[in-house]
file entry.tsv (TSV, C-alpha atoms and all ligand atoms)
chain	number	residue	atom	x	y	z
A	407	MET	CA	14.71	135.57	267.38
A	408	THR	CA	16.20	139.00	266.73
A	409	GLN	CA	16.61	140.14	263.17
A	410	GLN	CA	20.17	140.00	261.79
A	411	ALA	CA	21.67	143.34	260.79
A	412	SER	CA	22.66	143.34	257.12
A	413	LEU	CA	26.37	143.91	256.62
A	414	PRO	CA	28.07	145.62	253.66
A	415	GLN	CA	28.72	143.22	250.76
A	416	ARG	CA	32.09	144.70	250.00
A	417	VAL	CA	34.75	146.25	252.21
A	418	LYS	CA	37.80	148.31	251.30
A	419	ILE	CA	40.89	147.45	253.31
A	420	VAL	CA	43.54	150.13	253.66
A	421	GLU	CA	46.81	148.40	254.47
A	422	VAL	CA	48.77	150.60	256.88
A	423	GLY	CA	51.53	148.16	257.84
A	424	PRO	CA	54.35	149.83	255.90
A	425	ARG	CA	53.60	153.13	257.68
A	426	ASP	CA	51.72	152.72	260.96
A	427	GLY	CA	53.13	149.22	261.33
A	428	LEU	CA	56.76	150.11	260.92
A	429	GLN	CA	56.96	153.68	262.25
A	430	ASN	CA	57.45	152.50	265.83
A	431	GLU	CA	60.21	149.99	265.09
A	432	LYS	CA	63.41	151.01	266.84
A	433	GLU	CA	65.84	149.24	264.48
A	434	ALA	CA	66.13	151.03	261.14
A	435	LEU	CA	64.81	148.82	258.36
A	436	SER	CA	66.25	149.25	254.89
A	437	ALA	CA	64.20	150.89	252.18
A	438	ASP	CA	64.54	147.64	250.19
A	439	VAL	CA	62.67	145.64	252.82
A	440	LYS	CA	59.91	148.25	252.94
A	441	ILE	CA	59.69	148.32	249.14
A	442	GLU	CA	59.35	144.53	249.03
A	443	LEU	CA	56.64	144.71	251.72
A	444	VAL	CA	54.63	147.34	249.85
A	445	ASN	CA	54.95	145.40	246.58
A	446	ARG	CA	53.83	142.14	248.17
A	447	LEU	CA	50.79	143.80	249.74
A	448	ALA	CA	49.78	145.54	246.53
A	449	ARG	CA	50.18	142.30	244.57
A	450	ALA	CA	47.94	140.58	247.10
A	451	GLY	CA	45.17	142.87	245.83
A	452	MET	CA	45.21	145.68	248.40
A	453	PRO	CA	43.34	148.64	246.86
A	454	ASN	CA	45.18	151.11	249.08
A	455	VAL	CA	48.59	150.85	250.74
A	456	GLU	CA	49.84	153.51	253.15
A	457	ALA	CA	53.44	153.38	252.05
A	458	ALA	CA	55.16	156.46	253.45
A	459	SER	CA	55.12	159.30	255.93
A	460	PHE	CA	56.68	162.66	255.21
A	461	VAL	CA	57.09	163.80	258.80
A	462	SER	CA	60.11	165.12	260.62
A	463	PRO	CA	62.82	162.41	260.76
A	464	LYS	CA	63.69	163.73	264.21
A	465	TRP	CA	60.22	162.83	265.40
A	466	VAL	CA	59.87	159.50	263.57
A	467	PRO	CA	63.28	158.27	262.38
A	468	GLN	CA	61.98	155.03	260.85
A	469	MET	CA	60.05	156.99	258.22
A	470	ALA	CA	63.15	158.83	256.99
A	471	THR	CA	63.38	156.39	254.05
A	472	SER	CA	59.97	157.43	252.69
A	473	ARG	CA	61.35	159.11	249.59
A	474	GLU	CA	63.42	156.05	248.63
A	475	VAL	CA	60.48	153.75	249.32
A	476	MET	CA	58.13	155.73	247.08
A	477	ALA	CA	60.79	155.86	244.35
A	478	GLY	CA	61.43	152.10	244.53
A	479	ILE	CA	57.96	150.56	244.63
A	480	GLU	CA	56.20	149.24	241.57
A	481	ARG	CA	52.93	151.05	240.87
A	482	LEU	CA	50.10	148.69	240.16
A	483	PRO	CA	47.35	150.33	238.14
A	484	GLY	CA	44.38	151.16	240.34
A	485	THR	CA	46.28	150.79	243.62
A	486	ILE	CA	46.35	153.92	245.76
A	487	TYR	CA	49.70	154.56	247.43
A	488	SER	CA	49.24	157.00	250.34
A	489	ALA	CA	51.59	159.15	252.39
A	490	LEU	CA	51.17	161.10	255.62
A	491	THR	CA	51.67	164.85	255.27
A	492	PRO	CA	51.42	166.96	258.44
A	493	ASN	CA	52.24	170.26	256.73
A	494	MET	CA	53.30	171.84	253.42
A	495	GLN	CA	56.85	170.55	253.76
A	496	GLY	CA	55.45	167.03	253.95
A	497	PHE	CA	53.03	167.70	251.12
A	498	GLU	CA	55.74	168.88	248.76
A	499	ALA	CA	57.78	165.77	249.50
A	500	ALA	CA	54.73	163.55	248.92
A	501	LEU	CA	53.93	165.29	245.64
A	502	ALA	CA	57.52	164.90	244.42
A	503	ALA	CA	57.38	161.24	245.46
A	504	LYS	CA	54.21	160.76	243.40
A	505	ALA	CA	51.86	159.74	246.19
A	506	ASP	CA	48.29	159.16	244.96
A	507	GLU	CA	46.76	160.23	248.23
A	508	VAL	CA	47.94	162.46	251.05
A	509	VAL	CA	46.82	162.09	254.63
A	510	ILE	CA	46.42	165.00	257.01
A	511	PHE	CA	46.30	163.72	260.55
A	512	GLY	CA	44.74	165.49	263.48
A	513	SER	CA	43.27	164.52	266.78
A	514	ALA	CA	39.98	164.72	268.67
A	515	SER	CA	41.92	165.44	271.87
A	516	GLU	CA	43.92	168.61	272.49
A	517	ALA	CA	46.50	166.80	274.60
A	518	PHE	CA	47.28	164.20	271.93
A	519	SER	CA	47.42	166.86	269.21
A	520	GLN	CA	50.16	168.64	271.16
A	521	LYS	CA	52.16	165.46	271.79
A	522	ASN	CA	51.86	164.08	268.28
A	523	ILE	CA	52.13	167.09	266.00
A	524	ASN	CA	53.18	169.82	268.40
A	525	CYS	CA	50.19	172.13	267.97
A	526	SER	CA	46.58	172.61	269.06
A	527	ILE	CA	43.65	171.19	267.10
A	528	ALA	CA	42.82	174.65	265.73
A	529	GLU	CA	46.44	175.23	264.69
A	530	SER	CA	46.54	171.82	263.01
A	531	ILE	CA	43.46	172.63	260.93
A	532	ALA	CA	45.07	175.92	259.88
A	533	ARG	CA	48.21	173.97	258.85
A	534	PHE	CA	46.15	171.44	256.93
A	535	ALA	CA	44.23	174.06	254.93
A	536	PRO	CA	47.04	174.82	252.43
A	537	VAL	CA	47.86	171.10	252.21
A	538	ALA	CA	44.23	170.36	251.35
A	539	GLN	CA	44.13	173.13	248.76
A	540	ALA	CA	47.38	171.99	247.18
A	541	ALA	CA	46.23	168.36	247.11
A	542	LYS	CA	43.05	169.36	245.29
A	543	ALA	CA	44.96	171.60	242.88
A	544	SER	CA	47.31	168.69	242.09
A	545	GLY	CA	44.47	166.21	241.63
A	546	LEU	CA	45.49	164.06	244.60
A	547	ARG	CA	43.09	162.27	246.90
A	548	LEU	CA	42.87	163.78	250.35
A	549	ARG	CA	42.27	161.72	253.47
A	550	GLY	CA	41.84	163.00	257.00
A	551	SER	CA	42.75	160.91	260.00
A	552	ILE	CA	41.38	161.63	263.48
A	553	SER	CA	43.38	160.14	266.35
A	554	THR	CA	42.11	159.39	269.86
A	555	ALA	CA	38.48	159.35	268.71
A	556	PHE	CA	37.65	156.75	271.37
A	557	GLY	CA	39.97	157.77	274.19
A	558	CYS	CA	43.20	159.63	274.79
A	559	PRO	CA	46.30	158.41	276.63
A	560	TYR	CA	46.75	161.88	278.18
A	561	GLN	CA	43.25	163.26	278.78
A	562	GLY	CA	41.18	160.06	279.02
A	563	GLU	CA	37.62	160.37	277.74
A	564	VAL	CA	36.98	162.12	274.46
A	565	PRO	CA	33.43	163.48	273.98
A	566	LEU	CA	31.45	162.51	270.87
A	567	ASP	CA	31.07	166.18	269.99
A	568	ALA	CA	34.85	166.64	269.94
A	569	VAL	CA	35.12	163.89	267.31
A	570	ALA	CA	32.21	165.35	265.36
A	571	ASP	CA	33.81	168.78	265.41
A	572	VAL	CA	37.06	167.56	263.81
A	573	VAL	CA	35.09	165.47	261.29
A	574	SER	CA	33.19	168.56	260.19
A	575	ARG	CA	36.38	170.62	259.93
A	576	MET	CA	37.99	167.91	257.82
A	577	ARG	CA	34.89	167.78	255.62
A	578	GLU	CA	35.20	171.54	255.12
A	579	LEU	CA	38.82	171.03	254.04
A	580	GLY	CA	37.54	168.74	251.27
A	581	CYS	CA	38.59	165.31	252.54
A	582	ASP	CA	37.57	162.41	250.30
A	583	GLU	CA	37.74	159.99	253.20
A	584	ILE	CA	37.97	160.40	256.98
A	585	ASP	CA	39.47	157.86	259.38
A	586	ILE	CA	38.06	157.51	262.86
A	587	ALA	CA	41.02	156.16	264.79
A	588	ASP	CA	41.33	154.28	268.04
A	589	THR	CA	44.97	155.17	268.60
A	590	ILE	CA	45.31	153.27	271.88
A	591	GLY	CA	42.87	150.44	271.20
A	592	VAL	CA	40.48	151.15	274.06
A	593	ALA	CA	37.16	151.22	272.20
A	594	THR	CA	34.43	148.64	272.73
A	595	PRO	CA	31.70	147.67	270.24
A	596	ARG	CA	28.72	149.79	271.35
A	597	GLN	CA	31.00	152.80	271.76
A	598	THR	CA	32.33	152.14	268.26
A	599	GLN	CA	28.81	152.29	266.88
A	600	ALA	CA	28.01	155.49	268.79
A	601	VAL	CA	31.14	157.27	267.55
A	602	MET	CA	30.69	156.10	263.96
A	603	LEU	CA	27.03	157.13	263.89
A	604	ARG	CA	27.87	160.56	265.37
A	605	ALA	CA	30.65	161.02	262.78
A	606	ALA	CA	28.19	160.01	260.06
A	607	GLN	CA	26.01	162.99	261.00
A	608	GLU	CA	28.85	165.18	259.72
A	609	PHE	CA	30.25	163.16	256.81
A	610	PRO	CA	28.94	160.41	254.47
A	611	LEU	CA	29.13	157.02	256.15
A	612	ALA	CA	30.39	155.42	252.93
A	613	GLN	CA	33.55	157.57	253.15
A	614	LEU	CA	34.25	156.99	256.83
A	615	SER	CA	36.80	154.40	257.83
A	616	GLY	CA	37.61	152.57	261.05
A	617	HIS	CA	41.25	152.51	262.18
A	618	PHE	CA	41.53	150.23	265.18
A	619	HIS	CA	44.60	149.42	267.20
A	620	ASP	CA	44.27	146.15	269.06
A	621	THR	CA	45.80	147.02	272.43
A	622	TYR	CA	42.87	145.66	274.45
A	623	GLY	CA	41.99	142.88	272.01
A	624	GLN	CA	38.77	144.61	270.91
A	625	ALA	CA	39.60	145.50	267.33
A	626	LEU	CA	37.82	142.67	265.49
A	627	ALA	CA	34.74	143.07	267.68
A	628	ASN	CA	34.81	146.79	266.95
A	629	ILE	CA	35.10	146.17	263.22
A	630	TYR	CA	32.11	143.85	263.35
A	631	ALA	CA	30.16	146.48	265.29
A	632	ALA	CA	31.13	149.13	262.75
A	633	LEU	CA	30.05	146.82	259.88
A	634	GLU	CA	26.67	146.52	261.57
A	635	VAL	CA	26.13	150.27	261.28
A	636	GLY	CA	27.34	150.28	257.65
A	637	VAL	CA	31.02	151.25	257.81
A	638	ALA	CA	32.76	149.61	254.86
A	639	ILE	CA	36.36	150.87	254.97
A	640	PHE	CA	38.85	149.52	257.53
A	641	HIS	CA	42.54	149.96	258.16
A	642	SER	CA	44.72	147.07	259.18
A	643	SER	CA	48.36	146.17	259.42
A	644	VAL	CA	49.94	143.02	258.07
A	645	SER	CA	51.19	140.77	260.84
A	646	GLY	CA	49.60	143.13	263.40
A	647	LEU	CA	52.63	145.40	263.26
A	648	GLY	CA	52.64	148.79	264.80
A	649	GLY	CA	51.95	151.40	267.39
A	650	CYS	CA	52.20	155.14	267.61
A	651	PRO	CA	55.45	156.61	268.94
A	652	TYR	CA	53.41	159.29	270.75
A	653	ALA	CA	50.95	156.88	272.42
A	654	LYS	CA	53.00	154.88	274.90
A	655	GLY	CA	51.96	151.26	275.31
A	656	ALA	CA	49.62	151.27	272.33
A	657	THR	CA	50.18	148.10	270.33
A	658	GLY	CA	49.76	147.48	266.64
A	659	ASN	CA	46.81	147.88	264.39
A	660	VAL	CA	44.44	144.99	264.02
A	661	ALA	CA	46.19	142.38	261.87
A	662	THR	CA	45.18	142.34	258.22
A	663	GLU	CA	45.19	138.52	258.14
A	664	ASP	CA	42.69	138.42	261.04
A	665	VAL	CA	40.39	140.96	259.39
A	666	LEU	CA	40.50	139.11	256.07
A	667	TYR	CA	39.81	135.78	257.75
A	668	MET	CA	36.72	137.26	259.42
A	669	LEU	CA	35.48	139.05	256.31
A	670	ASN	CA	36.01	135.95	254.17
A	671	GLY	CA	33.98	133.95	256.66
A	672	LEU	CA	31.21	136.54	256.54
A	673	GLY	CA	31.17	136.34	252.73
A	674	ILE	CA	32.20	139.99	252.41
A	675	GLU	CA	34.30	140.74	249.33
A	676	THR	CA	37.61	142.59	249.61
A	677	GLY	CA	39.49	141.58	246.44
A	678	VAL	CA	42.50	140.71	248.63
A	679	ASP	CA	44.14	137.29	248.68
A	680	LEU	CA	44.60	136.11	252.25
A	681	ASP	CA	47.35	133.59	251.41
A	682	GLN	CA	49.49	136.26	249.80
A	683	VAL	CA	49.01	138.53	252.81
A	684	VAL	CA	50.11	135.65	255.07
A	685	ASP	CA	53.27	135.38	252.95
A	686	ALA	CA	53.85	139.14	253.24
A	687	GLY	CA	53.37	138.86	257.01
A	688	GLN	CA	55.93	136.06	257.20
A	689	PHE	CA	58.33	138.12	255.10
A	690	ILE	CA	58.19	141.15	257.39
A	691	ALA	CA	58.21	139.10	260.61
A	692	GLN	CA	61.41	137.41	259.42
A	693	ALA	CA	62.93	140.77	258.49
A	694	LEU	CA	62.17	141.99	262.01
A	695	GLY	CA	63.44	138.75	263.53
A	696	ARG	CA	60.30	137.81	265.42
A	697	LYS	CA	57.09	135.85	265.17
A	698	GLY	CA	54.18	137.67	263.52
A	699	ALA	CA	51.37	138.93	265.77
A	700	SER	CA	48.47	137.83	263.57
A	701	ARG	CA	46.52	134.96	265.11
A	702	ALA	CA	45.02	133.94	261.76
A	703	GLY	CA	48.39	134.36	260.04
A	704	ASN	CA	50.13	132.09	262.54
A	705	ALA	CA	47.32	129.53	262.39
A	706	LEU	CA	47.45	129.41	258.60
A	707	LEU	CA	51.24	129.07	258.64
A	708	ALA	CA	50.98	126.19	261.12
A	709	LYS	CA	48.36	124.54	258.92
A	710	ARG	CA	50.60	124.87	255.87
A	711	ALA	CA	53.50	123.33	257.77
A	712	GLY	CA	51.05	120.46	258.38
G	801	LIG	P1	57.59	171.06	264.70
G	801	LIG	O1	58.88	170.85	265.40
G	801	LIG	O2	56.53	171.81	265.42
G	801	LIG	O3	57.81	171.67	263.25
G	801	LIG	O4	57.01	169.64	264.30
G	801	LIG	P2	58.50	172.94	262.70
G	801	LIG	O5	57.68	173.40	261.54
G	801	LIG	O6	58.78	173.92	263.81
G	801	LIG	O7	59.90	172.39	262.15
G	801	LIG	C1	60.91	171.89	263.00
G	801	LIG	C2	61.89	171.05	262.20
G	801	LIG	O8	61.20	169.93	261.61
G	801	LIG	C3	62.56	171.80	261.04
G	801	LIG	O9	63.84	171.22	260.87
G	801	LIG	C4	61.72	171.40	259.87
G	801	LIG	O10	62.42	171.45	258.64
G	801	LIG	C5	61.38	169.96	260.19
G	801	LIG	P3	65.16	171.90	261.50
G	801	LIG	O11	65.16	173.27	260.92
G	801	LIG	O12	64.96	171.87	263.00
G	801	LIG	O13	66.24	171.00	261.02
G	801	LIG	N1	60.12	169.54	259.56
G	801	LIG	C6	60.03	168.52	258.71
G	801	LIG	N2	60.93	167.64	258.22
G	801	LIG	C7	60.49	166.72	257.35
G	801	LIG	N3	59.19	166.62	256.94
G	801	LIG	C8	58.27	167.48	257.40
G	801	LIG	C9	58.68	168.46	258.31
G	801	LIG	N4	58.01	169.45	258.94
G	801	LIG	C10	58.91	170.11	259.70
G	801	LIG	N5	57.00	167.37	256.99
G	801	LIG	C11	55.76	168.17	262.93
G	801	LIG	C12	55.78	169.51	263.64
G	801	LIG	C13	54.32	167.90	262.53
G	801	LIG	C14	56.64	168.22	261.70
G	801	LIG	C15	56.28	167.08	263.89
G	801	LIG	O14	55.56	167.18	265.08
G	801	LIG	C16	56.18	165.71	263.34
G	801	LIG	O15	56.83	165.35	262.36
G	801	LIG	N6	55.35	164.86	263.96
G	801	LIG	C17	55.20	163.51	263.47
G	801	LIG	C18	54.24	162.78	264.29
G	801	LIG	C19	53.99	161.43	263.68
G	801	LIG	O16	54.43	161.09	262.60
G	801	LIG	N7	53.23	160.59	264.43
G	801	LIG	C20	52.91	159.31	263.97
G	801	LIG	C21	51.93	159.35	262.83
G	801	LIG	S1	50.26	159.70	263.31
G	801	LIG	C22	49.64	158.17	263.84
G	801	LIG	O17	50.36	157.20	263.88
G	801	LIG	C23	48.19	158.08	264.13
G	801	LIG	C24	47.38	157.37	263.04
G	801	LIG	O18	47.88	156.07	262.80
G	801	LIG	C25	45.92	157.28	263.49
G	801	LIG	C26	45.80	156.71	264.90
G	801	LIG	O19	46.11	155.51	265.11
G	801	LIG	O20	45.44	157.49	265.77
G	801	LIG	C27	47.41	158.15	261.73
G	802	MG	MG	47.41	154.33	263.95

call {"tool": "encode", "arguments": {"input": "entry.tsv", "output": "structure tokens", "more": "lines below"}}
Ligand code: HMG
Ligand code: MG
result
Amino acid sequence: MTQQASLPQRVKIVEVGPRDGLQNEKEALSADVKIELVNRLARAGMPNVEAASFVSPKWVPQMATSREVMAGIERLPGTIYSALTPNMQGFEAALAAKADEVVIFGSASEAFSQKNINCSIAESIARFAPVAQAAKASGLRLRGSISTAFGCPYQGEVPLDAVADVVSRMRELGCDEIDIADTIGVATPRQTQAVMLRAAQEFPLAQLSGHFHDTYGQALANIYAALEVGVAIFHSSVSGLGGCPYAKGATGNVATEDVLYMLNGLGIETGVDLDQVVDAGQFIAQALGRKGASRAGNALLAKRAG
């Protein structure tokens, strides 16, 4: 019999539904619905909720309510409320909105960098440098997110060294945490381990996170594979909401309910109450007028209905 890999005892979930989940929705949702969603997720015990995105409203119209959302949410002590900030204009808005953490987001592929943030990887790092400095000077947490770390919708394969290079540049900028993102959900488990282990040569494994979209149905398997190599921070989206407006066909993030169901079964602590997340998922699915995409969420709702 082969020896079982030991998994982390505790995992931090970063709930990205209010940002990554909603940014691709065509119909404008009111700030009130988003505020209620963030509050429900934080009350469920989420340590970190990505609540806003201070990007150009021409590029991502759904996020144009970010200021109102940040002004309207309750702030639970200890909960980190994060906001995306592609440049200084975004940073200043996030600072004024009292974000606890700002997220600079780059890419491991040149082609995706151009499509998503309209500049090369090198230019993006130059844009992030003043944001990073200002975040540190203001005492905010700084997170770096690296898109297309497992494959790019425009250029296809992305070499391990390209991921490692952006990880090391983000480390130099002073990131507290770095997300390794599968923007289009193409990764498979062994590849996940290879990318995570390569990234961990450049940055402490304990501060690396996995951000998996579930386009090809691999996200839970990839999370398990990442747990096996010691990754203990994962992003997920309530009700499986989401997609990136600049990655056509990419579906939502892995559903938070599914991740929690798996982690609970593995005996891994998260501090998050699954039932309350199921309620939050039902709330946002109703607001969007469709059935939620979480398998565990739907199963638990069916069980409740008895
Ligand atoms: P640009 O056009 O190159 O920027 O866009 P610019 O500096 O030339 O400015 C052009 C206009 O945008 C100006 O307005 C600026 O004021 C405005 P105008 O004078 O034309 O009226 N502008 C802004 N407005 C509000 N907030 C700002 C801001 N900056 C400039 N911060 C820019 C560059 C980065 C702004 C643009 O490309 C953009 O907003 N991109 C957003 C892309 C995005 O949000 N993508 C989705 C999030 S990333 C993601 O989902 C991936 C992730 O989940 C991980 C994964 O799964 O891979 C994180
Ligand atoms: Mg994403």

call {"tool": "residues_around", "arguments": {"input": "entry.tsv", "residues": "Glu516 in chain A", "least_positions_apart": "3", "cutoff": "12 Å", "atoms": "all atoms listed in the file", "output": "PyMOL selection string"}}
result
chain A and resi 512-513+519-530+552-555+557-565+568-569+572

call {"tool": "closest_residue", "arguments": {"input": "entry.tsv", "among": "A:Tyr630, A:Phe497, A:Tyr622, A:Phe640", "to": "ligand LIG 801 (chain G)", "atoms": "only C-alpha atoms and all ligand atoms"}}
result
A:Phe497

call {"tool": "closest_residue", "arguments": {"input": "entry.tsv", "among": "A:Ala653, A:Val637, A:Ala705, A:Val660", "to": "Pro414 in chain A", "atoms": "only C-alpha atoms"}}
result
A:Val637

call {"tool": "closest_residue", "arguments": {"input": "entry.tsv", "among": "A:Glu608, A:Glu480, A:Asp620, A:Glu474", "to": "ligand MG 802 (chain G)", "atoms": "all atoms listed in the file"}}
result
A:Asp620

call {"tool": "residues_near_ligand", "arguments": {"input": "entry.tsv", "ligand": "ligand LIG 801 (chain G)", "cutoff": "6 Å", "atoms": "all atoms listed in the file", "output": "PyMOL selection string"}}
result
chain A and resi 426+460-463+465-466+492-493+495-496+511+522-524+551+553-554+587-589+650

call {"tool": "residues_around", "arguments": {"input": "entry.tsv", "residues": "Leu447 in chain A", "least_positions_apart": "4", "cutoff": "12 Å", "atoms": "all atoms listed in the file", "output": "MDAnalysis selection string"}}
result
chainID A and resid 419:424 440:443 451:457 479:482 485:487 642:645 662:663 677:690

call {"tool": "write_last_selection", "arguments": {"input": "entry.tsv", "atoms": "C-alpha atoms", "output": "short mmCIF file (atom, residue, chain, number, x, y, z; two decimals), in the frame of the given file"}}
result
data_model
loop_
_atom_site.label_atom_id
_atom_site.label_comp_id
_atom_site.auth_asym_id
_atom_site.auth_seq_id
_atom_site.Cartn_x
_atom_site.Cartn_y
_atom_site.Cartn_z
CA ILE A 419 40.89 147.45 253.31
CA VAL A 420 43.54 150.13 253.66
CA GLU A 421 46.81 148.40 254.47
CA VAL A 422 48.77 150.60 256.88
CA GLY A 423 51.53 148.16 257.84
CA PRO A 424 54.35 149.83 255.90
CA LYS A 440 59.91 148.25 252.94
CA ILE A 441 59.69 148.32 249.14
CA GLU A 442 59.35 144.53 249.03
CA LEU A 443 56.64 144.71 251.72
CA GLY A 451 45.17 142.87 245.83
CA MET A 452 45.21 145.68 248.40
CA PRO A 453 43.34 148.64 246.86
CA ASN A 454 45.18 151.11 249.08
CA VAL A 455 48.59 150.85 250.74
CA GLU A 456 49.84 153.51 253.15
CA ALA A 457 53.44 153.38 252.05
CA ILE A 479 57.96 150.56 244.63
CA GLU A 480 56.20 149.24 241.57
CA ARG A 481 52.93 151.05 240.87
CA LEU A 482 50.10 148.69 240.16
CA THR A 485 46.28 150.79 243.62
CA ILE A 486 46.35 153.92 245.76
CA TYR A 487 49.70 154.56 247.43
CA SER A 642 44.72 147.07 259.18
CA SER A 643 48.36 146.17 259.42
CA VAL A 644 49.94 143.02 258.07
CA SER A 645 51.19 140.77 260.84
CA THR A 662 45.18 142.34 258.22
CA GLU A 663 45.19 138.52 258.14
CA GLY A 677 39.49 141.58 246.44
CA VAL A 678 42.50 140.71 248.63
CA ASP A 679 44.14 137.29 248.68
CA LEU A 680 44.60 136.11 252.25
CA ASP A 681 47.35 133.59 251.41
CA GLN A 682 49.49 136.26 249.80
CA VAL A 683 49.01 138.53 252.81
CA VAL A 684 50.11 135.65 255.07
CA ASP A 685 53.27 135.38 252.95
CA ALA A 686 53.85 139.14 253.24
CA GLY A 687 53.37 138.86 257.01
CA GLN A 688 55.93 136.06 257.20
CA PHE A 689 58.33 138.12 255.10
CA ILE A 690 58.19 141.15 257.39
#

call {"tool": "decode", "arguments": {"input": "entry.tsv", "residues": "range 422-436 of chain A", "atoms": "N, CA, C and O atoms", "output": "PDB file, in the first residue's frame"}}
result
ATOM      1  N   VAL A 422     -14.269  34.709  -3.560  1.00  0.00           N
ATOM      2  CA  VAL A 422     -14.142  35.699  -4.633  1.00  0.00           C
ATOM      3  C   VAL A 422     -15.453  35.923  -5.400  1.00  0.00           C
ATOM      4  O   VAL A 422     -15.481  36.640  -6.395  1.00  0.00           O
ATOM      5  N   GLY A 423     -16.537  35.319  -4.891  1.00  0.00           N
ATOM      6  CA  GLY A 423     -17.818  35.444  -5.600  1.00  0.00           C
ATOM      7  C   GLY A 423     -18.265  36.875  -5.864  1.00  0.00           C
ATOM      8  O   GLY A 423     -18.653  37.210  -7.000  1.00  0.00           O
ATOM      9  N   PRO A 424     -18.212  37.756  -4.873  1.00  0.00           N
ATOM     10  CA  PRO A 424     -18.702  39.118  -5.131  1.00  0.00           C
ATOM     11  C   PRO A 424     -17.883  39.885  -6.173  1.00  0.00           C
ATOM     12  O   PRO A 424     -18.367  40.857  -6.743  1.00  0.00           O
ATOM     13  N   ARG A 425     -16.666  39.427  -6.459  1.00  0.00           N
ATOM     14  CA  ARG A 425     -15.857  40.089  -7.492  1.00  0.00           C
ATOM     15  C   ARG A 425     -15.736  39.191  -8.739  1.00  0.00           C
ATOM     16  O   ARG A 425     -16.413  39.419  -9.734  1.00  0.00           O
ATOM     17  N   ASP A 426     -14.955  38.144  -8.640  1.00  0.00           N
ATOM     18  CA  ASP A 426     -14.758  37.291  -9.818  1.00  0.00           C
ATOM     19  C   ASP A 426     -16.095  36.701 -10.252  1.00  0.00           C
ATOM     20  O   ASP A 426     -16.393  36.591 -11.446  1.00  0.00           O
ATOM     21  N   GLY A 427     -16.912  36.334  -9.258  1.00  0.00           N
ATOM     22  CA  GLY A 427     -18.197  35.724  -9.555  1.00  0.00           C
ATOM     23  C   GLY A 427     -19.130  36.634 -10.319  1.00  0.00           C
ATOM     24  O   GLY A 427     -19.789  36.215 -11.263  1.00  0.00           O
ATOM     25  N   LEU A 428     -19.188  37.870  -9.900  1.00  0.00           N
ATOM     26  CA  LEU A 428     -20.198  38.767 -10.483  1.00  0.00           C
ATOM     27  C   LEU A 428     -19.685  39.592 -11.653  1.00  0.00           C
ATOM     28  O   LEU A 428     -20.489  40.113 -12.436  1.00  0.00           O
ATOM     29  N   GLN A 429     -18.373  39.735 -11.809  1.00  0.00           N
ATOM     30  CA  GLN A 429     -17.850  40.700 -12.797  1.00  0.00           C
ATOM     31  C   GLN A 429     -18.295  40.420 -14.234  1.00  0.00           C
ATOM     32  O   GLN A 429     -18.336  41.314 -15.064  1.00  0.00           O
ATOM     33  N   ASN A 430     -18.656  39.171 -14.495  1.00  0.00           N
ATOM     34  CA  ASN A 430     -18.995  38.774 -15.859  1.00  0.00           C
ATOM     35  C   ASN A 430     -20.499  38.809 -16.121  1.00  0.00           C
ATOM     36  O   ASN A 430     -20.930  38.532 -17.238  1.00  0.00           O
ATOM     37  N   GLU A 431     -21.272  39.134 -15.079  1.00  0.00           N
ATOM     38  CA  GLU A 431     -22.735  39.163 -15.254  1.00  0.00           C
ATOM     39  C   GLU A 431     -23.123  40.348 -16.134  1.00  0.00           C
ATOM     40  O   GLU A 431     -22.705  41.486 -15.874  1.00  0.00           O
ATOM     41  N   LYS A 432     -23.931  40.079 -17.124  1.00  0.00           N
ATOM     42  CA  LYS A 432     -24.313  41.134 -18.074  1.00  0.00           C
ATOM     43  C   LYS A 432     -25.288  42.141 -17.452  1.00  0.00           C
ATOM     44  O   LYS A 432     -25.164  43.345 -17.639  1.00  0.00           O
ATOM     45  N   GLU A 433     -26.296  41.606 -16.724  1.00  0.00           N
ATOM     46  CA  GLU A 433     -27.304  42.477 -16.110  1.00  0.00           C
ATOM     47  C   GLU A 433     -26.685  43.166 -14.897  1.00  0.00           C
ATOM     48  O   GLU A 433     -26.109  42.481 -14.043  1.00  0.00           O
ATOM     49  N   ALA A 434     -26.864  44.490 -14.825  1.00  0.00           N
ATOM     50  CA  ALA A 434     -26.298  45.204 -13.672  1.00  0.00           C
ATOM     51  C   ALA A 434     -27.048  44.806 -12.402  1.00  0.00           C
ATOM     52  O   ALA A 434     -28.271  44.879 -12.349  1.00  0.00           O
ATOM     53  N   LEU A 435     -26.291  44.370 -11.404  1.00  0.00           N
ATOM     54  CA  LEU A 435     -26.905  44.053 -10.111  1.00  0.00           C
ATOM     55  C   LEU A 435     -26.784  45.276  -9.226  1.00  0.00           C
ATOM     56  O   LEU A 435     -25.787  46.009  -9.304  1.00  0.00           O
ATOM     57  N   SER A 436     -27.749  45.480  -8.340  1.00  0.00           N
ATOM     58  CA  SER A 436     -27.668  46.660  -7.482  1.00  0.00           C
ATOM     59  C   SER A 436     -26.571  46.478  -6.434  1.00  0.00           C
ATOM     60  O   SER A 436     -26.225  45.352  -6.065  1.00  0.00           O
TER      61      SER A 436
END
